[in-house]
$ cat coords_18.txt   # compact mmCIF, C-alpha atoms (C1' of nucleotides)
# COMPACT_ATOMS: atom_id res chain seq x y z
CA MET A 2 135.15 16.77 154.92
CA VAL A 3 133.37 18.09 151.91
CA TYR A 4 135.84 20.05 149.85
CA GLY A 5 134.81 23.47 148.51
CA GLN A 6 131.08 23.07 148.76
CA VAL A 7 128.95 26.17 149.22
CA PRO A 8 127.11 25.82 152.57
CA PRO A 9 123.37 25.38 152.16
CA ALA A 10 123.34 25.12 148.37
CA GLY A 11 120.27 27.36 147.94
CA LYS A 12 116.89 25.93 147.12
CA GLY A 13 117.93 23.54 144.39
CA GLY A 14 116.85 25.39 141.26
CA ASN A 15 118.39 24.13 138.01
CA GLN A 16 121.75 23.19 139.42
CA GLY A 17 121.49 19.93 137.57
CA ASN A 18 121.42 21.89 134.37
CA LEU A 19 124.55 23.76 135.30
CA LEU A 20 126.33 20.54 136.22
CA SER A 21 125.31 18.70 133.10
CA ASN A 22 126.33 21.60 130.88
CA ALA A 23 129.68 21.73 132.63
CA ALA A 24 130.06 17.96 132.38
CA ARG A 25 129.39 18.01 128.67
CA LEU A 26 131.93 20.77 128.08
CA PHE A 27 134.57 19.20 130.30
CA ARG A 28 134.12 15.98 128.44
CA GLU A 29 134.29 17.54 125.01
CA LYS A 30 137.17 19.92 125.61
CA GLY A 31 138.75 19.05 128.93
CA PHE A 32 138.62 20.96 132.21
CA GLU A 33 141.40 23.51 131.60
CA ARG A 34 140.31 24.25 128.07
CA THR A 35 136.78 25.04 129.21
CA SER A 36 136.32 28.54 130.64
CA LEU A 37 133.69 29.60 133.12
CA LYS A 38 132.50 31.96 130.44
CA GLU A 39 131.66 29.01 128.19
CA ILE A 40 129.89 27.17 130.96
CA ALA A 41 127.92 30.27 131.85
CA GLU A 42 126.97 30.81 128.22
CA ALA A 43 125.69 27.26 127.96
CA CYS A 44 123.41 28.07 130.92
CA ASN A 45 122.41 31.49 129.58
CA MET A 46 124.19 33.16 132.42
CA LEU A 47 127.27 35.27 133.06
CA PRO A 48 130.53 34.01 134.48
CA GLY A 49 130.25 35.78 137.82
CA SER A 50 126.90 34.15 138.48
CA LEU A 51 128.41 30.70 138.77
CA TYR A 52 130.08 31.68 142.02
CA TYR A 53 126.74 31.78 143.74
CA ARG A 54 126.66 27.99 143.38
CA TYR A 55 130.31 26.95 143.57
CA SER A 56 133.13 28.70 145.34
CA THR A 57 135.69 27.79 142.68
CA LYS A 58 135.87 26.14 139.30
CA GLU A 59 137.49 23.16 140.98
CA ALA A 60 134.63 22.81 143.46
CA LEU A 61 132.26 22.55 140.50
CA LEU A 62 134.41 19.77 139.07
CA VAL A 63 134.46 17.91 142.36
CA GLU A 64 130.69 18.06 142.70
CA LEU A 65 130.40 16.71 139.17
CA MET A 66 132.66 13.84 140.01
CA ARG A 67 130.64 13.00 143.11
CA ARG A 68 127.57 12.65 140.90
CA GLY A 69 129.57 10.49 138.52
CA VAL A 70 130.56 8.05 141.23
CA ASP A 71 127.02 7.89 142.59
CA LEU A 72 125.59 7.23 139.17
CA VAL A 73 127.93 4.47 138.07
CA THR A 74 127.73 2.83 141.49
CA ALA A 75 123.95 2.77 141.38
CA GLU A 76 123.88 1.38 137.83
CA VAL A 77 126.24 -1.45 138.60
CA GLU A 78 124.48 -2.32 141.85
CA ILE A 79 121.17 -2.57 140.05
CA ALA A 80 122.71 -4.70 137.31
CA TYR A 81 124.25 -7.00 139.89
CA ALA A 82 120.86 -7.67 141.41
CA CYS A 83 119.24 -8.49 138.06
CA SER A 84 120.41 -12.07 137.79
CA ALA A 85 121.17 -14.96 140.11
CA ASP A 86 123.80 -16.52 137.88
CA PRO A 87 127.28 -15.22 138.72
CA VAL A 88 128.56 -15.26 135.14
CA GLU A 89 125.46 -13.44 133.94
CA LYS A 90 125.84 -10.96 136.80
CA LEU A 91 129.30 -10.19 135.46
CA ARG A 92 127.98 -9.58 131.97
CA LEU A 93 125.29 -7.24 133.27
CA CYS A 94 127.73 -5.30 135.42
CA ILE A 95 130.19 -4.87 132.55
CA ASN A 96 127.44 -3.45 130.39
CA ALA A 97 126.16 -1.25 133.19
CA HIS A 98 129.59 0.29 133.65
CA LEU A 99 129.89 0.95 129.93
CA ARG A 100 126.43 2.44 129.78
CA ALA A 101 127.06 4.77 132.71
CA LEU A 102 130.35 5.88 131.18
CA LEU A 103 129.19 6.35 127.61
CA VAL A 104 125.46 6.87 127.54
CA ASP A 105 123.93 7.94 130.81
CA SER A 106 126.25 10.70 131.89
CA ASP A 107 129.23 12.81 130.99
CA ALA A 108 130.12 12.97 134.67
CA VAL A 109 131.52 9.44 134.76
CA TYR A 110 133.84 10.21 131.86
CA VAL A 111 135.01 13.38 133.57
CA LEU A 112 135.53 11.45 136.79
CA LEU A 113 137.79 8.95 135.06
CA PHE A 114 139.69 11.22 132.72
CA GLU A 115 140.00 14.60 134.41
CA TRP A 116 141.11 13.76 137.94
CA ARG A 117 144.58 15.11 137.14
CA ALA A 118 143.07 18.60 137.08
CA LEU A 119 142.39 18.38 140.81
CA GLY A 120 144.64 19.89 143.46
CA PRO A 121 145.96 17.62 146.24
CA GLU A 122 143.05 18.13 148.61
CA ALA A 123 140.23 17.54 146.15
CA ARG A 124 142.16 14.75 144.53
CA GLU A 125 142.26 12.86 147.78
CA GLU A 126 138.50 13.05 148.17
CA VAL A 127 137.82 11.93 144.62
CA ILE A 128 140.29 9.07 144.79
CA ASP A 129 138.52 7.89 147.93
CA LEU A 130 135.19 7.96 146.13
CA ARG A 131 136.61 6.12 143.16
CA ASP A 132 138.09 3.52 145.49
CA GLN A 133 134.66 3.00 147.03
CA TYR A 134 133.28 2.29 143.59
CA GLU A 135 136.12 -0.05 142.78
CA SER A 136 135.53 -1.92 146.02
CA LEU A 137 132.14 -2.83 144.61
CA TRP A 138 133.94 -4.55 141.74
CA ALA A 139 136.40 -6.07 144.16
CA SER A 140 133.57 -7.76 146.00
CA ILE A 141 131.92 -8.93 142.78
CA ILE A 142 135.17 -10.56 141.74
CA GLU A 143 136.00 -11.98 145.16
CA THR A 144 132.58 -13.56 145.29
CA MET A 145 133.18 -15.22 141.94
CA ILE A 146 136.50 -16.55 143.15
CA ALA A 147 135.00 -17.79 146.41
CA GLN A 148 132.26 -19.57 144.46
CA GLY A 149 134.87 -21.25 142.31
CA VAL A 150 133.50 -19.56 139.20
CA VAL A 151 136.77 -17.73 138.63
CA ARG A 152 139.89 -19.88 139.00
CA LYS A 153 141.37 -19.52 142.48
CA ASN A 154 144.86 -18.81 141.19
CA VAL A 155 143.68 -15.60 139.49
CA ASP A 156 144.68 -12.39 141.30
CA GLY A 157 141.41 -10.58 141.99
CA ARG A 158 142.96 -7.15 142.27
CA LEU A 159 144.78 -7.45 138.96
CA LEU A 160 141.68 -8.78 137.30
CA ARG A 161 139.68 -5.79 138.52
CA LEU A 162 142.29 -3.24 137.42
CA ILE A 163 142.80 -4.81 134.01
CA GLY A 164 139.11 -5.33 133.44
CA LEU A 165 138.12 -1.82 134.39
CA GLY A 166 140.95 -0.53 132.22
CA ALA A 167 139.62 -2.39 129.22
CA LEU A 168 136.18 -0.93 129.93
CA ASN A 169 137.29 2.63 130.60
CA TRP A 170 139.42 2.90 127.50
CA VAL A 171 136.37 2.19 125.36
CA ALA A 172 135.41 5.80 126.08
CA THR A 173 138.36 6.99 124.00
CA TRP A 174 137.23 5.34 120.77
CA PHE A 175 133.59 4.33 121.00
CA ASP A 176 131.42 5.65 118.20
CA PRO A 177 127.64 5.35 118.68
CA LYS A 178 127.31 5.19 114.91
CA GLY A 179 130.06 2.61 114.58
CA ALA A 180 129.87 -1.07 113.70
CA HIS A 181 129.37 -2.35 117.26
CA SER A 182 126.74 -1.43 119.79
CA LEU A 183 127.91 -0.74 123.30
CA ASP A 184 126.32 -3.96 124.50
CA ALA A 185 128.13 -5.89 121.79
CA ILE A 186 131.40 -4.43 123.03
CA GLY A 187 130.55 -5.31 126.61
CA ASP A 188 129.64 -8.85 125.64
CA PHE A 189 132.90 -9.15 123.71
CA ILE A 190 134.92 -8.17 126.79
CA TRP A 191 132.86 -10.59 128.88
CA GLN A 192 133.54 -13.34 126.35
CA ILE A 193 137.30 -12.76 126.57
CA ALA A 194 137.13 -12.88 130.35
CA ILE A 195 135.31 -16.18 130.15
CA GLU A 196 137.37 -18.09 127.65
CA GLY A 197 140.02 -15.93 126.06
CA VAL A 198 140.51 -15.83 122.30
CA ILE A 199 142.86 -18.72 121.57
CA ASN A 200 141.71 -21.61 119.43
CA LYS A 201 142.29 -24.74 121.50
CA ASP A 202 141.63 -27.09 118.58
CA ALA A 203 144.74 -25.98 116.72
CA MET B 17 152.80 18.27 106.11
CA VAL B 18 154.78 18.60 109.30
CA TYR B 19 152.81 20.80 111.62
CA GLY B 20 154.62 23.60 113.44
CA GLN B 21 158.17 22.38 113.04
CA VAL B 22 160.98 24.93 113.05
CA PRO B 23 162.67 24.74 109.63
CA PRO B 24 166.22 23.29 109.80
CA ALA B 25 166.10 22.39 113.51
CA GLY B 26 169.60 23.78 114.21
CA LYS B 27 172.58 21.53 114.70
CA GLY B 28 171.03 19.10 117.16
CA GLY B 29 172.44 20.28 120.47
CA ASN B 30 170.60 19.01 123.54
CA GLN B 31 167.12 19.07 122.10
CA GLY B 32 166.60 15.61 123.53
CA ASN B 33 167.07 17.06 126.96
CA LEU B 34 164.46 19.72 126.36
CA LEU B 35 162.01 17.16 125.04
CA SER B 36 162.54 14.72 127.87
CA ASN B 37 162.15 17.45 130.47
CA ALA B 38 158.95 18.58 128.81
CA ALA B 39 157.72 15.00 128.55
CA ARG B 40 158.32 14.37 132.22
CA LEU B 41 156.48 17.54 133.22
CA PHE B 42 153.58 16.93 130.82
CA ARG B 43 153.26 13.47 132.22
CA GLU B 44 153.39 14.55 135.84
CA LYS B 45 151.14 17.59 135.60
CA GLY B 46 149.47 17.55 132.22
CA PHE B 47 150.07 19.82 129.24
CA GLU B 48 147.96 22.83 130.23
CA ARG B 49 149.11 22.81 133.82
CA THR B 50 152.75 22.94 132.76
CA SER B 51 153.99 26.42 131.84
CA LEU B 52 156.82 27.18 129.46
CA LYS B 53 158.51 28.80 132.42
CA GLU B 54 158.63 25.46 134.23
CA ILE B 55 159.97 23.65 131.19
CA ALA B 56 162.61 26.31 130.72
CA GLU B 57 163.60 26.11 134.38
CA ALA B 58 164.04 22.36 134.11
CA CYS B 59 166.46 23.02 131.26
CA ASN B 60 168.22 25.91 133.05
CA MET B 61 166.90 28.31 130.50
CA LEU B 62 164.41 31.13 130.23
CA PRO B 63 160.95 30.88 128.69
CA GLY B 64 161.68 32.95 125.61
CA SER B 65 164.60 30.71 124.67
CA LEU B 66 162.33 27.79 123.94
CA TYR B 67 160.99 29.56 120.88
CA TYR B 68 164.31 29.10 119.15
CA ARG B 69 163.50 25.39 118.95
CA TYR B 70 159.71 25.26 118.70
CA SER B 71 157.41 27.83 117.23
CA THR B 72 154.66 27.19 119.79
CA LYS B 73 154.05 25.17 122.91
CA GLU B 74 151.83 22.91 120.86
CA ALA B 75 154.58 22.25 118.32
CA LEU B 76 156.77 21.06 121.16
CA LEU B 77 154.03 18.67 122.24
CA VAL B 78 153.61 17.34 118.73
CA GLU B 79 157.32 16.67 118.34
CA LEU B 80 157.22 14.81 121.65
CA MET B 81 154.38 12.67 120.44
CA ARG B 82 156.20 11.84 117.23
CA ARG B 83 159.07 10.50 119.32
CA GLY B 84 156.60 8.54 121.41
CA VAL B 85 155.11 6.79 118.39
CA ASP B 86 158.54 6.02 116.98
CA LEU B 87 159.73 4.57 120.25
CA VAL B 88 156.78 2.31 120.98
CA THR B 89 156.65 1.15 117.37
CA ALA B 90 160.33 0.20 117.41
CA GLU B 91 160.02 -1.65 120.72
CA VAL B 92 157.07 -3.72 119.59
CA GLU B 93 158.63 -4.51 116.22
CA ILE B 94 161.77 -5.78 117.93
CA ALA B 95 159.74 -7.86 120.36
CA TYR B 96 157.74 -9.35 117.51
CA ALA B 97 160.93 -10.56 115.85
CA CYS B 98 162.24 -12.19 119.03
CA SER B 99 160.28 -15.41 118.81
CA ALA B 100 158.91 -17.69 116.12
CA ASP B 101 155.96 -18.91 118.16
CA PRO B 102 152.87 -16.74 117.57
CA VAL B 103 151.58 -16.98 121.12
CA GLU B 104 154.98 -16.11 122.53
CA LYS B 105 155.24 -13.24 120.04
CA LEU B 106 152.03 -11.88 121.53
CA ARG B 107 153.41 -12.09 125.05
CA LEU B 108 156.58 -10.27 124.06
CA CYS B 109 154.68 -7.53 122.23
CA ILE B 110 152.36 -6.95 125.18
CA ASN B 111 155.32 -6.52 127.48
CA ALA B 112 157.12 -4.30 124.98
CA HIS B 113 154.15 -1.97 124.80
CA LEU B 114 153.94 -1.78 128.58
CA ARG B 115 157.65 -1.14 128.90
CA ALA B 116 157.61 1.64 126.30
CA LEU B 117 154.64 3.25 128.03
CA LEU B 118 155.82 2.95 131.61
CA VAL B 119 159.58 2.59 131.70
CA ASP B 120 161.36 3.73 128.59
CA SER B 121 159.77 7.07 127.94
CA ASP B 122 157.32 9.66 129.17
CA ALA B 123 156.55 10.52 125.56
CA VAL B 124 154.38 7.46 125.02
CA TYR B 125 152.26 8.33 128.03
CA VAL B 126 151.87 11.89 126.79
CA LEU B 127 150.97 10.60 123.34
CA LEU B 128 148.18 8.46 124.74
CA PHE B 129 146.78 10.77 127.40
CA GLU B 130 147.30 14.34 126.21
CA TRP B 131 146.09 14.27 122.62
CA ARG B 132 143.02 16.24 123.66
CA ALA B 133 145.29 19.25 124.17
CA LEU B 134 145.96 19.40 120.42
CA GLY B 135 144.18 21.74 118.03
CA PRO B 136 142.42 20.22 115.01
CA GLU B 137 145.41 20.39 112.67
CA ALA B 138 147.97 18.84 115.00
CA ARG B 139 145.42 16.36 116.23
CA GLU B 140 144.94 15.03 112.76
CA GLU B 141 148.65 14.40 112.34
CA VAL B 142 149.00 12.68 115.70
CA ILE B 143 145.95 10.51 115.16
CA ASP B 144 147.46 9.41 111.85
CA LEU B 145 150.68 8.46 113.61
CA ARG B 146 148.81 6.60 116.31
CA ASP B 147 146.82 4.76 113.65
CA GLN B 148 150.07 3.68 112.01
CA TYR B 149 151.19 2.19 115.30
CA GLU B 150 147.87 0.48 115.81
CA SER B 151 148.06 -1.01 112.34
CA LEU B 152 151.13 -2.86 113.56
CA TRP B 153 148.93 -4.48 116.19
CA ALA B 154 146.22 -5.05 113.62
CA SER B 155 148.62 -7.08 111.51
CA ILE B 156 149.90 -9.04 114.52
CA ILE B 157 146.33 -10.01 115.36
CA GLU B 158 145.26 -10.69 111.79
CA THR B 159 148.22 -12.99 111.39
CA MET B 160 147.19 -14.93 114.48
CA ILE B 161 143.68 -15.27 113.13
CA ALA B 162 144.91 -16.35 109.71
CA GLN B 163 147.13 -18.97 111.35
CA GLY B 164 144.18 -20.27 113.30
CA VAL B 165 145.85 -19.40 116.59
CA VAL B 166 143.09 -16.98 117.45
CA ARG B 167 139.58 -18.28 116.85
CA LYS B 168 138.25 -17.12 113.48
CA ASN B 169 135.01 -15.80 114.92
CA VAL B 170 136.85 -13.20 117.02
CA ASP B 171 136.66 -9.64 115.69
CA GLY B 172 140.27 -8.57 115.21
CA ARG B 173 139.57 -4.87 115.43
CA LEU B 174 137.66 -5.18 118.69
CA LEU B 175 140.35 -7.42 120.13
CA ARG B 176 143.00 -4.82 119.30
CA LEU B 177 141.04 -1.92 120.78
CA ILE B 178 140.12 -3.78 123.95
CA GLY B 179 143.58 -5.22 124.38
CA LEU B 180 145.37 -1.92 123.91
CA GLY B 181 142.87 -0.33 126.28
CA ALA B 182 143.70 -2.86 128.99
CA LEU B 183 147.40 -2.13 128.42
CA ASN B 184 147.14 1.64 128.27
CA TRP B 185 145.07 1.97 131.40
CA VAL B 186 147.83 0.27 133.38
CA ALA B 187 149.63 3.62 133.15
CA THR B 188 146.99 5.17 135.41
CA TRP B 189 147.66 2.86 138.37
CA PHE B 190 150.98 1.08 137.94
CA ASP B 191 153.35 1.48 140.88
CA PRO B 192 156.95 0.38 140.28
CA LYS B 193 157.20 -0.36 143.99
CA GLY B 194 153.92 -2.29 144.00
CA ALA B 195 153.23 -5.99 144.36
CA HIS B 196 153.46 -6.85 140.66
CA SER B 197 156.29 -6.22 138.25
CA LEU B 198 155.38 -4.80 134.87
CA ASP B 199 156.20 -8.09 133.20
CA ALA B 200 153.95 -9.91 135.66
CA ILE B 201 151.12 -7.59 134.68
CA GLY B 202 151.82 -8.12 131.00
CA ASP B 203 151.86 -11.88 131.45
CA PHE B 204 148.58 -11.67 133.37
CA ILE B 205 146.90 -9.84 130.50
CA TRP B 206 148.36 -12.34 128.05
CA GLN B 207 147.04 -15.18 130.18
CA ILE B 208 143.51 -13.75 130.11
CA ALA B 209 143.72 -13.37 126.34
CA ILE B 210 144.72 -17.00 126.06
CA GLU B 211 142.26 -18.71 128.31
CA GLY B 212 140.13 -16.23 130.23
CA VAL B 213 139.61 -16.56 133.95
CA ILE B 214 136.65 -18.89 134.32
CA ASN B 215 137.06 -22.25 136.00
CA LYS B 216 135.82 -24.84 133.51
CA ASP B 217 135.87 -27.66 136.04
CA ALA B 218 133.10 -26.15 138.10
C1' DG C 6 119.94 34.54 142.28
C1' DT C 7 121.80 37.07 138.62
C1' DC C 8 124.10 41.04 136.72
C1' DT C 9 127.76 44.86 136.23
C1' DA C 10 132.13 46.01 136.57
C1' DT C 11 136.59 45.18 137.59
C1' DA C 12 140.74 43.42 140.08
C1' DT C 13 144.49 40.43 139.55
C1' DG C 14 147.52 37.25 137.93
C1' DG C 15 149.70 34.25 134.83
C1' DG C 16 150.09 32.39 130.45
C1' DG C 17 152.03 32.19 125.67
C1' DA C 18 154.36 34.75 122.61
C1' DT C 19 157.53 38.53 120.27
C1' DA C 20 161.57 41.85 119.19
C1' DG C 21 165.93 42.72 119.39
C1' DA C 22 170.41 42.84 122.17
C1' DC C 23 174.24 39.92 122.98
C1' DG D 14 171.50 30.00 120.81
C1' DT D 15 170.23 32.35 124.86
C1' DC D 16 168.75 36.38 127.40
C1' DT D 17 166.15 40.83 128.40
C1' DA D 18 162.19 43.02 128.35
C1' DT D 19 157.70 43.37 127.51
C1' DC D 20 153.11 42.96 125.15
C1' DC D 21 148.68 41.26 125.17
C1' DC D 22 145.14 38.43 126.17
C1' DC D 23 142.16 35.74 128.77
C1' DA D 24 141.22 33.24 132.82
C1' DT D 25 139.56 33.00 137.59
C1' DA D 26 137.69 35.37 141.00
C1' DT D 27 135.56 39.46 143.79
C1' DA D 28 132.39 43.38 145.35
C1' DG D 29 128.37 45.26 145.38
C1' DA D 30 124.06 46.79 142.77
C1' DC D 31 119.61 45.05 141.54

$ encode --input "coords_18.txt" --output "structure tokens"
Amino acid sequence: MVYGQVPPAGKGGNQGNLLSNAARLFREKGFERTSLKEIAEACNMLPGSLYYRYSTKEALLVELMRRGVDLVTAEVEIAYACSADPVEKLRLCINAHLRALLVDSDAVYVLLFEWRALGPEAREEVIDLRDQYESLWASIIETMIAQGVVRKNVDGRLLRLIGLGALNWVATWFDPKGAHSLDAIGDFIWQIAIEGVINKDA
Amino acid sequence: MVYGQVPPAGKGGNQGNLLSNAARLFREKGFERTSLKEIAEACNMLPGSLYYRYSTKEALLVELMRRGVDLVTAEVEIAYACSADPVEKLRLCINAHLRALLVDSDAVYVLLFEWRALGPEAREEVIDLRDQYESLWASIIETMIAQGVVRKNVDGRLLRLIGLGALNWVATWFDPKGAHSLDAIGDFIWQIAIEGVINKDA
DNA sequence: GTCTATATGGGGATAGAC
DNA sequence: GTCTATCCCCATATAGAC
């Protein structure tokens, strides 16, 4: 069931504009601290007009999150197909996730950090979508374990949760003008996953 | 400057109760979605009464966050002193951080996940406090690098940010009734830091 | 599709009694 | 210290004109 969506969704227009404006504002200020008035202003419209597209503010958020899942899923799937080497696949997928979260779209950030704003019904849908995305990572990791690339005694589920956590938290501190490029950060995380940080010669 | 604090803070009373009720609610529902009415109800009081203790809702949040920083700092400092072995120190500190965040107090969670609710002034104070805590981790890591325990070519700042990210994100999915105890999760993260997950025999 | 105008409710906050 | 009473604002959402 598709929560809160307006039936035929009109003829398409510049909905994308509305969603990306909303995504940017939700990311910058958070969902509750962003009013429909602000979103409307960003689109050169008036608050009431938004209800032609979305039945509630929450429905707008849910639609945004759907786009976020679709986007990050697509990016990681493409990255996965870009190499035959399993360890290199991992590196590419890590960087794809970071790029989707921090460069390509505000929707992925909103998806990951604003789900607590959802009521029970919408929350269920979004958690399902997020789980679908995470199952992509689950299969990436399980494949690596099956191939013997990752040690068999490593818990795949824990590895996925911890790894995605390390990636997601980057969104709280990353500075595009900072010392490290996003790819450098992704490669760093990949490096830790491969061999840790301890000096074995000591 | 101590933002928003009520001057002499009265004679102590059961402020801790108020703060822990607020912390629990902020953690469960988020800051904006928790009304002063709800907090007051949890304390068997009425909304207006809260203003005797805190000049604004935000000041209450800030005080909560101060407690959160103090608590997690103390826990990690104690853990650090509990072993002489640097690698074991790291394990203990990881688990101390997780315990502070997920068992000992809701304030640490609120500190880490609700800082976006703060206005510019309060935000500056809280970010300073958080930076003080992170400098504790910075010195733990720098010491390990100086001792040659961590490879010298590893960027200490990145390691701290990524590591704390992996730890903090655990708060979004940890289930006390789940398959892994908190210590098991901490040890897993520690294990990755030490040697990664890749099978070198393959 | 967007605007005008407005209903409605709840939120944080205040003043002063007790 | 807590309660009573209440103010004021702003947010979401609606109805109907254009």

$ closest_residue --input "coords_18.txt" --among "B:Phe190, B:Leu62, B:Asn37, B:Glu54" --to "chain D" --atoms "all atoms listed in the file"
B:Leu62

$ interface_residues --input "coords_18.txt" --of "chain C" --to "chain B" --cutoff "9 Å" --atoms "only C-alpha atoms (C1' of nucleotides)" --output "PyMOL selection string"
chain C and resi 16-19

$ write_last_selection --input "coords_18.txt" --atoms "C-alpha atoms (C1' of nucleotides)" --output "PDB file, in the coordinates of the input"
ATOM      1  C1'  DG C  16     150.090  32.390 130.450  1.00  0.00           C
ATOM      2  C1'  DG C  17     152.030  32.190 125.670  1.00  0.00           C
ATOM      3  C1'  DA C  18     154.360  34.750 122.610  1.00  0.00           C
ATOM      4  C1'  DT C  19     157.530  38.530 120.270  1.00  0.00           C
TER       5       DT C  19
END

$ closest_atom_pairs --input "coords_18.txt" --of "chain A" --to "chain B" --cutoff "8 Å" --atoms "only C-alpha atoms" --output "Markdown table"
| residue | atom | partner | partner_atom | distance |
| --- | --- | --- | --- | --- |
| A:Lys30 | CA | B:Arg132 | CA | 7.2 |
| A:Gly31 | CA | B:Arg132 | CA | 7.3 |
| A:Glu33 | CA | B:Glu48 | CA | 6.7 |
| A:Arg117 | CA | B:Lys45 | CA | 7.2 |
| A:Gly149 | CA | B:Ala218 | CA | 6.7 |
| A:Val150 | CA | B:Asn215 | CA | 5.5 |
| A:Val151 | CA | B:Ile214 | CA | 4.5 |
| A:Arg152 | CA | B:Asn215 | CA | 4.8 |
| A:Val155 | CA | B:Val213 | CA | 6.9 |
| A:Leu159 | CA | B:Ile201 | CA | 7.7 |
| A:Leu162 | CA | B:Val186 | CA | 7.7 |
| A:Ile163 | CA | B:Ala182 | CA | 5.5 |
| A:Gly164 | CA | B:Ala182 | CA | 6.9 |
| A:Leu165 | CA | B:Ala182 | CA | 7.8 |
| A:Gly166 | CA | B:Ala182 | CA | 4.8 |
| A:Ala167 | CA | B:Ala182 | CA | 4.1 |
| A:Leu168 | CA | B:Gly181 | CA | 7.6 |
| A:Asn169 | CA | B:Gly181 | CA | 7.7 |
| A:Trp170 | CA | B:Gly181 | CA | 4.9 |
| A:Val171 | CA | B:Gly181 | CA | 7.0 |
| A:Ile186 | CA | B:Leu174 | CA | 7.7 |
| A:Phe189 | CA | B:Leu174 | CA | 8.0 |
| A:Ile190 | CA | B:Ile178 | CA | 7.4 |
| A:Ile193 | CA | B:Gly212 | CA | 5.8 |
| A:Ala194 | CA | B:Gly212 | CA | 4.5 |
| A:Ile195 | CA | B:Gly212 | CA | 4.8 |
| A:Glu196 | CA | B:Gly212 | CA | 4.2 |
| A:Gly197 | CA | B:Gly212 | CA | 4.2 |
| A:Val198 | CA | B:Val166 | CA | 5.6 |
| A:Ile199 | CA | B:Val166 | CA | 4.5 |
| A:Asn200 | CA | B:Arg167 | CA | 4.7 |
| A:Ala203 | CA | B:Val165 | CA | 6.7 |

$ interface_residues --input "coords_18.txt" --of "chain D" --to "chain A" --cutoff "9 Å" --atoms "only C-alpha atoms (C1' of nucleotides)" --output "JSON, numbers by chain"
{"D": [24, 25, 26, 27]}

$ write_last_selection --input "coords_18.txt" --atoms "C-alpha atoms (C1' of nucleotides)" --output "CSV table (one decimal), in the coordinates of the input"
chain,number,residue,atom,x,y,z
D,24,DA,C1',141.2,33.2,132.8
D,25,DT,C1',139.6,33.0,137.6
D,26,DA,C1',137.7,35.4,141.0
D,27,DT,C1',135.6,39.5,143.8

$ closest_residue --input "coords_18.txt" --among "B:Gly84, B:Pro136, B:Pro192, B:Pro102" --to "Glu158 (chain B)" --atoms "all atoms listed in the file"
B:Pro102

$ atom_distance --input "coords_18.txt" --atom1 "CA of Thr74 (chain A)" --atom2 "CA of Arg176 (chain B)"
28.0 Å

$ closest_residue --input "coords_18.txt" --among "A:Gly120, A:Leu183, A:Arg28, A:Leu130" --to "Asp71 (chain A)" --atoms "only C-alpha atoms"
A:Leu130

$ residues_around --input "coords_18.txt" --residues "DC8 (chain C)" --least-positions-apart "5" --cutoff "12 Å" --atoms "all atoms listed in the file" --output "compact mmCIF listing (two decimals) with C-alpha atoms (C1' of nucleotides), in the frame of the given file"
# COMPACT_ATOMS: atom_id res chain seq x y z
CA MET A 46 124.19 33.16 132.42
CA LEU A 47 127.27 35.27 133.06
CA PRO A 48 130.53 34.01 134.48
CA GLY A 49 130.25 35.78 137.82
CA SER A 50 126.90 34.15 138.48
CA LEU A 51 128.41 30.70 138.77
CA TYR A 53 126.74 31.78 143.74
C1' DG D 29 128.37 45.26 145.38
C1' DA D 30 124.06 46.79 142.77
C1' DC D 31 119.61 45.05 141.54

$ atom_distance --input "coords_18.txt" --atom1 "CA of Leu72 (chain A)" --atom2 "CA of Asp176 (chain A)"
21.8 Å

$ atom_distance --input "coords_18.txt" --atom1 "CA of Val78 (chain B)" --atom2 "CA of Asp120 (chain B)"
18.5 Å

$ axis_aligned_box --input "coords_18.txt" --around "region 107-126 of chain B" --padding-each-side "6 Å" --output "JSON"
{"center_x": 156.6, "center_y": -0.1, "center_z": 127.0, "size_x": 21.5, "size_y": 36.0, "size_z": 21.5}

$ residues_around --input "coords_18.txt" --residues "Asp184 (chain A)" --least-positions-apart "3" --cutoff "9 Å" --atoms "only C-alpha atoms (C1' of nucleotides)" --output "list in words"
Ile95, Asn96, Leu99, Arg100, His181, Gly187, Asp188 and Phe189 of chain A

$ residues_around --input "coords_18.txt" --residues "region 78-84 of chain A" --least-positions-apart "5" --cutoff "12 Å" --atoms "only C-alpha atoms (C1' of nucleotides)" --output "list of chain:residue names"
A:Asp71, A:Leu72, A:Val73, A:Glu89, A:Lys90, A:Leu91, A:Arg92, A:Leu93, A:Cys94, A:Ile95, A:Asn96, A:Ala97, A:His98, A:Leu99, A:Arg100, A:Ala101, A:Tyr134, A:Glu135, A:Ser136, A:Leu137, A:Trp138, A:Ser140, A:Ile141, A:Ile142, A:Thr144

$ residues_around --input "coords_18.txt" --residues "Arg139 (chain B)" --least-positions-apart "5" --cutoff "12 Å" --atoms "only C-alpha atoms (C1' of nucleotides)" --output "list in words"
Val18, Tyr19, Glu74, Ala75, Leu77, Val78, Met81, Arg82, Leu127, Leu128, Glu130, Trp131, Arg132, Ala133, Leu134, Asp144, Leu145, Arg146 and Asp147 of chain B
